[in-house]
Amino acid sequence: MRLNMNKLNNRLGILITSCIYVVAFLVMHPSIIAQEVGSSDFKEYKGVVVNAKTQKSLEYASISVTNSNIATISNLEGVFLVKVPNSLKGENVVISYLGYQNKTIPLSTFSDAEYKVEMEESFEKLPDVNLVEANPLSVIRKVIEKRKMNSYNESTIVKAFYRESIKKRRTYASLSEAVVDIYKQPRGTQSDYVMLEKARKSTDYRKIDTLVIKLQGGPYNNMSMDMIRNEELFFSPDMFDIYRFSFDKMMTLDDRNVYVIDFVQRPSMVEPFYKGKLYVDMDTYALVKAVFGLNLENLAKAKKFFVKKKPNNADVIPMDTKYIVDYKETDGKWHFSYSRIELVFKIKWDKKLFNSIYNVAIEMAITDWKDNAQGESIKNRDRMRRSVILTEQTSGFTDPEFWGELNVIEPDKSIDNAIKKIQKNYQKEQS
């Protein structure tokens with residue numbers, strides 16, 4: 001298990017290296033610009049998801065279009081934008097959120113203004129559970145037992161939106177976004193692989209002092225967070241020796257009753273492992289959501305998981321980690337739909353009075369998918385490498401209509417302001 005943990009956290013690691021900078025404004029390379037579809041072929045539907053009682057925005061709400069595989073996620077302010085082909089304009093948007101009743105809204109109800117989706121909390125009485133027959137260990141064992149039955153294991157081509165950002169305190173130093181096609185293979189065959197469809201990025205090296213933080217792995221980081229496909233992450237044979245499990249209150253998700261199970265590593269374990277919550281469908285025992293973080297009590301060992309290389313005169317200290325993984329059900333099968341990784345680091349420099357704080361966030365949402373029964377494939381040279389550093393693969397960030405018909409996660413205000421600033425600076429450069 002220790003070896004597996006090292007492999008996992010190396011994939012999630014941050015490559016930190018000192019650099020000499022040549023600051024220049026870069027334009028988008030034509031090889032990564034996809035062909036645009038005319039605006040007449042699709043329509044945009046924008047909304048904000050809030051708690052009906054408190055009006056507080058609901059982040060990471062799931063938004064999907066009926067009779068299609070189109071989906072997206074609300075941002076940190078609860079805002080979403082879904083782009084739907086005109087052929088589906090008679091369908092509905094379904095919004096779901098943990099602990100709330102599902103909301104179904106006809107697309108015809110949307111107007112040009114932002115539609116407010118008010119979600120009602122679910123207060124219905126959940127069924128009594130016999131804690132002798134359904135103790136948390138029994139639930140976890142059934143998740144493992146029914147994993148193959150519950151998961152979608154056919155060959156598919158998945159379209160996903162990926163975003164990674166690095167902030168120095170409150171200011172963005174680097175921002176990259178991409179739409180990728182993921183060629184998912186049946187479990188036990190060859191590994192899944194990624195093709196970059198479209199991407200953009202901006203890096204302000206003046207905000208990163210004398211070092212640059214590079215995220216290695218790109219979308220493969222989020223793919224590795226699939227706890228069902230990646231057994232190394234959590235559901236390993238010795239997981240019961242590593243973690244303690246206990247029941248929390250039950251909730252609803254997608255109008256389903258869900259077990260909530262807390263887990264924490266046993267005090268006898270020296271290596272850093274995870275602690276958090278698992279959300280398990282009460283009827284099918286499918287994993288529907290997980291929220292967890294790495295135990296950072298043993299900082300000396302935790303640092304080795306994240307930092308692959310650093311300047312000799314700096315100490316890199318992980319301060320916080322958070323991982324979110326969501327699954328979605330389609331025709332009785334569950335598939336990986338969203339993941340987010342948040343990391344906070346403190347950089348302590350020798351002979352410097354002040355420390356630097358960096359916040360790293362990487363997220364990926366599945367926005368569409370289709371069966372790949374014909375075995376469609378791409379050549380090795382067109383596949384994104386697992387060691388990819390996205391900021392070295394792309395450039396640009398100047399076109400407000402860049403994404404065209406592609407579904408993406410709407411930027412929250414801080415990201416939106418950063419994008420506007422980038423575009424404004426570009427216009428100054430061109431004038």
# chains A, B, ... in the order shown; residues from 1 in each chain; ligands from 1
$ residues_around --residues "region 53-66 of chain A" --least-positions-apart "6" --cutoff "6 Å" --atoms "only C-alpha atoms" --output "PyMOL selection string"
chain A and resi 72-78+91-97
$ select_by_dssp --residues "region 249-327 of chain A" --states "helix (DSSP H, G or I)" --output "VMD selection string"
chain A and resid 299 to 306
$ residues_around --residues "region 229-234 of chain A" --least-positions-apart "3" --cutoff "12 Å" --atoms "only C-alpha atoms" --output "count of residues only"
60
$ residues_around --residues "region 338-341 of chain A" --least-positions-apart "6" --cutoff "6 Å" --atoms "only C-alpha atoms" --output "number ranges by chain"
A: 222, 322-326, 361-365
$ residues_around --residues "region 245-253 of chain A" --least-positions-apart "5" --cutoff "7 Å" --atoms "only C-alpha atoms" --output "MDAnalysis selection string"
chainID A and resid 96:100 122 136:137 258:264
$ write_last_selection --atoms "N, CA and C atoms" --output "CSV table (one decimal), in the first residue's frame"
chain,number,residue,atom,x,y,z
A,96,SER,N,-29.2,18.7,-9.7
A,96,SER,CA,-29.1,17.9,-8.5
A,96,SER,C,-28.0,18.4,-7.6
A,97,TYR,N,-28.3,18.2,-6.3
A,97,TYR,CA,-27.3,18.7,-5.3
A,97,TYR,C,-27.5,17.8,-4.0
A,98,LEU,N,-26.4,17.5,-3.4
A,98,LEU,CA,-26.4,16.6,-2.2
A,98,LEU,C,-27.3,17.2,-1.1
A,99,GLY,N,-28.3,16.5,-0.7
A,99,GLY,CA,-29.1,17.0,0.4
A,99,GLY,C,-30.3,17.8,0.0
A,100,TYR,N,-30.5,17.9,-1.4
A,100,TYR,CA,-31.6,18.7,-1.9
A,100,TYR,C,-32.4,17.9,-2.9
A,122,SER,N,-33.9,18.6,1.3
A,122,SER,CA,-34.7,17.4,1.5
A,122,SER,C,-34.9,17.1,2.9
A,136,PRO,N,-21.0,0.3,8.8
A,136,PRO,CA,-20.2,0.9,7.8
A,136,PRO,C,-19.2,-0.1,7.1
A,137,LEU,N,-18.7,-1.0,7.8
A,137,LEU,CA,-17.8,-2.0,7.1
A,137,LEU,C,-18.6,-2.9,6.1
A,258,VAL,N,-28.9,8.1,0.6
A,258,VAL,CA,-27.5,7.9,0.5
A,258,VAL,C,-26.9,7.7,1.9
A,259,TYR,N,-26.1,6.6,2.1
A,259,TYR,CA,-25.3,6.5,3.3
A,259,TYR,C,-24.2,7.5,3.3
A,260,VAL,N,-23.9,8.1,4.4
A,260,VAL,CA,-22.7,9.0,4.6
A,260,VAL,C,-21.8,8.3,5.6
A,261,ILE,N,-20.6,8.0,5.1
A,261,ILE,CA,-19.6,7.2,5.9
A,261,ILE,C,-18.3,8.0,6.1
A,262,ASP,N,-18.0,8.3,7.4
A,262,ASP,CA,-16.7,9.0,7.7
A,262,ASP,C,-15.6,8.0,7.7
A,263,PHE,N,-14.4,8.4,7.3
A,263,PHE,CA,-13.3,7.5,7.4
A,263,PHE,C,-12.0,8.4,7.8
A,264,VAL,N,-11.2,7.7,8.6
A,264,VAL,CA,-10.0,8.4,9.1
A,264,VAL,C,-8.9,7.3,9.3
$ atom_distance --atom1 "CA of Glu154 (chain A)" --atom2 "CA of Trp369 (chain A)"
11.7 Å
$ select_by_dssp --residues "region 326-397 of chain A" --states "strand (DSSP E or B)" --output "ChimeraX atom specification"
/A:326-330,333-349,356-371
$ write_last_selection --atoms "C-alpha atoms" --output "CSV table (one decimal), in the first residue's frame"
chain,number,residue,atom,x,y,z
A,326,ASP,CA,-18.5,12.8,-8.1
A,327,TYR,CA,-20.3,10.0,-10.0
A,328,LYS,CA,-23.4,10.1,-12.2
A,329,GLU,CA,-25.9,7.4,-12.9
A,330,THR,CA,-27.1,6.7,-16.5
A,333,LYS,CA,-24.7,2.4,-14.5
A,334,TRP,CA,-22.5,4.9,-12.7
A,335,HIS,CA,-19.6,6.8,-14.3
A,336,PHE,CA,-17.0,9.3,-13.1
A,337,SER,CA,-18.4,12.8,-13.8
A,338,TYR,CA,-16.3,15.4,-11.9
A,339,SER,CA,-13.2,15.8,-9.7
A,340,ARG,CA,-11.5,18.8,-8.1
A,341,ILE,CA,-8.1,18.9,-6.3
A,342,GLU,CA,-7.2,21.9,-4.1
A,343,LEU,CA,-3.7,22.3,-2.7
A,344,VAL,CA,-2.3,25.1,-0.5
A,345,PHE,CA,1.5,25.5,-0.1
A,346,LYS,CA,3.8,27.8,1.8
A,347,ILE,CA,7.2,28.6,0.4
A,348,LYS,CA,9.8,29.5,3.1
A,349,TRP,CA,12.8,31.2,1.6
A,356,SER,CA,4.9,33.0,-0.1
A,357,ILE,CA,1.5,31.3,-0.1
A,358,TYR,CA,0.3,29.5,-3.2
A,359,ASN,CA,-3.2,28.1,-3.9
A,360,VAL,CA,-3.5,25.4,-6.6
A,361,ALA,CA,-6.8,24.2,-8.0
A,362,ILE,CA,-7.4,21.7,-10.7
A,363,GLU,CA,-10.8,20.5,-11.8
A,364,MET,CA,-12.3,18.4,-14.5
A,365,ALA,CA,-16.0,17.9,-15.5
A,366,ILE,CA,-17.4,15.4,-18.0
A,367,THR,CA,-19.5,17.5,-20.4
A,368,ASP,CA,-20.5,14.8,-22.9
A,369,TRP,CA,-19.7,11.2,-23.8
A,370,LYS,CA,-20.5,8.5,-26.4
A,371,ASP,CA,-20.1,4.8,-26.8
$ decode --residues "region 324-402 of chain A" --atoms "C-alpha atoms" --output "PDB file, in the first residue's frame"
ATOM      1  CA  ILE A 324     -13.823  16.025  -4.479  1.00  0.00           C
ATOM      2  CA  VAL A 325     -15.012  13.131  -6.671  1.00  0.00           C
ATOM      3  CA  ASP A 326     -18.519  12.821  -8.143  1.00  0.00           C
ATOM      4  CA  TYR A 327     -20.260  10.008 -10.025  1.00  0.00           C
ATOM      5  CA  LYS A 328     -23.395  10.147 -12.153  1.00  0.00           C
ATOM      6  CA  GLU A 329     -25.932   7.424 -12.943  1.00  0.00           C
ATOM      7  CA  THR A 330     -27.058   6.709 -16.508  1.00  0.00           C
ATOM      8  CA  ASP A 331     -29.345   3.753 -17.290  1.00  0.00           C
ATOM      9  CA  GLY A 332     -28.443   1.969 -14.066  1.00  0.00           C
ATOM     10  CA  LYS A 333     -24.673   2.399 -14.461  1.00  0.00           C
ATOM     11  CA  TRP A 334     -22.465   4.912 -12.675  1.00  0.00           C
ATOM     12  CA  HIS A 335     -19.636   6.799 -14.313  1.00  0.00           C
ATOM     13  CA  PHE A 336     -17.029   9.310 -13.147  1.00  0.00           C
ATOM     14  CA  SER A 337     -18.395  12.835 -13.755  1.00  0.00           C
ATOM     15  CA  TYR A 338     -16.325  15.426 -11.859  1.00  0.00           C
ATOM     16  CA  SER A 339     -13.250  15.849  -9.693  1.00  0.00           C
ATOM     17  CA  ARG A 340     -11.511  18.791  -8.054  1.00  0.00           C
ATOM     18  CA  ILE A 341      -8.140  18.935  -6.334  1.00  0.00           C
ATOM     19  CA  GLU A 342      -7.191  21.880  -4.099  1.00  0.00           C
ATOM     20  CA  LEU A 343      -3.694  22.300  -2.656  1.00  0.00           C
ATOM     21  CA  VAL A 344      -2.273  25.099  -0.485  1.00  0.00           C
ATOM     22  CA  PHE A 345       1.498  25.511  -0.145  1.00  0.00           C
ATOM     23  CA  LYS A 346       3.759  27.801   1.840  1.00  0.00           C
ATOM     24  CA  ILE A 347       7.203  28.606   0.410  1.00  0.00           C
ATOM     25  CA  LYS A 348       9.769  29.544   3.070  1.00  0.00           C
ATOM     26  CA  TRP A 349      12.850  31.209   1.611  1.00  0.00           C
ATOM     27  CA  ASP A 350      16.241  31.357   3.309  1.00  0.00           C
ATOM     28  CA  LYS A 351      17.135  34.880   4.455  1.00  0.00           C
ATOM     29  CA  LYS A 352      13.697  36.248   3.535  1.00  0.00           C
ATOM     30  CA  LEU A 353      11.376  37.769   6.084  1.00  0.00           C
ATOM     31  CA  PHE A 354       8.060  36.872   4.428  1.00  0.00           C
ATOM     32  CA  ASN A 355       6.733  33.544   3.157  1.00  0.00           C
ATOM     33  CA  SER A 356       4.865  33.019  -0.119  1.00  0.00           C
ATOM     34  CA  ILE A 357       1.474  31.276  -0.084  1.00  0.00           C
ATOM     35  CA  TYR A 358       0.264  29.511  -3.228  1.00  0.00           C
ATOM     36  CA  ASN A 359      -3.199  28.055  -3.880  1.00  0.00           C
ATOM     37  CA  VAL A 360      -3.475  25.421  -6.588  1.00  0.00           C
ATOM     38  CA  ALA A 361      -6.823  24.206  -7.957  1.00  0.00           C
ATOM     39  CA  ILE A 362      -7.369  21.683 -10.727  1.00  0.00           C
ATOM     40  CA  GLU A 363     -10.791  20.458 -11.771  1.00  0.00           C
ATOM     41  CA  MET A 364     -12.300  18.406 -14.546  1.00  0.00           C
ATOM     42  CA  ALA A 365     -15.967  17.932 -15.492  1.00  0.00           C
ATOM     43  CA  ILE A 366     -17.382  15.424 -17.967  1.00  0.00           C
ATOM     44  CA  THR A 367     -19.508  17.461 -20.377  1.00  0.00           C
ATOM     45  CA  ASP A 368     -20.488  14.765 -22.910  1.00  0.00           C
ATOM     46  CA  TRP A 369     -19.727  11.166 -23.833  1.00  0.00           C
ATOM     47  CA  LYS A 370     -20.546   8.498 -26.399  1.00  0.00           C
ATOM     48  CA  ASP A 371     -20.083   4.752 -26.791  1.00  0.00           C
ATOM     49  CA  ASN A 372     -17.025   3.645 -28.721  1.00  0.00           C
ATOM     50  CA  ALA A 373     -18.196   0.211 -29.830  1.00  0.00           C
ATOM     51  CA  GLN A 374     -16.363   0.642 -33.150  1.00  0.00           C
ATOM     52  CA  GLY A 375     -13.032   0.915 -31.334  1.00  0.00           C
ATOM     53  CA  GLU A 376     -12.202   4.396 -32.629  1.00  0.00           C
ATOM     54  CA  SER A 377      -8.639   5.290 -31.682  1.00  0.00           C
ATOM     55  CA  ILE A 378      -5.930   7.886 -32.270  1.00  0.00           C
ATOM     56  CA  LYS A 379      -2.238   7.498 -33.010  1.00  0.00           C
ATOM     57  CA  ASN A 380       0.275   7.502 -30.173  1.00  0.00           C
ATOM     58  CA  ARG A 381       1.841  10.756 -31.366  1.00  0.00           C
ATOM     59  CA  ASP A 382      -1.523  12.539 -30.966  1.00  0.00           C
ATOM     60  CA  ARG A 383      -2.064  11.344 -27.399  1.00  0.00           C
ATOM     61  CA  MET A 384      -1.327  13.630 -24.463  1.00  0.00           C
ATOM     62  CA  ARG A 385       1.584  12.315 -22.415  1.00  0.00           C
ATOM     63  CA  ARG A 386       1.029  11.481 -18.759  1.00  0.00           C
ATOM     64  CA  SER A 387       3.967  13.724 -17.847  1.00  0.00           C
ATOM     65  CA  VAL A 388       2.410  16.679 -19.679  1.00  0.00           C
ATOM     66  CA  ILE A 389       2.733  20.194 -18.256  1.00  0.00           C
ATOM     67  CA  LEU A 390      -0.219  21.988 -19.830  1.00  0.00           C
ATOM     68  CA  THR A 391       1.271  25.479 -19.490  1.00  0.00           C
ATOM     69  CA  GLU A 392       4.104  24.359 -21.762  1.00  0.00           C
ATOM     70  CA  GLN A 393       1.709  22.960 -24.388  1.00  0.00           C
ATOM     71  CA  THR A 394      -0.535  25.958 -24.971  1.00  0.00           C
ATOM     72  CA  SER A 395      -0.575  29.724 -25.139  1.00  0.00           C
ATOM     73  CA  GLY A 396      -2.984  32.563 -25.739  1.00  0.00           C
ATOM     74  CA  PHE A 397      -6.082  33.636 -23.719  1.00  0.00           C
ATOM     75  CA  THR A 398      -7.348  36.532 -25.773  1.00  0.00           C
ATOM     76  CA  ASP A 399     -10.602  35.552 -27.494  1.00  0.00           C
ATOM     77  CA  PRO A 400     -13.778  35.939 -25.371  1.00  0.00           C
ATOM     78  CA  GLU A 401     -15.646  33.604 -27.771  1.00  0.00           C
ATOM     79  CA  PHE A 402     -12.847  31.049 -27.663  1.00  0.00           C
TER      80      PHE A 402
END
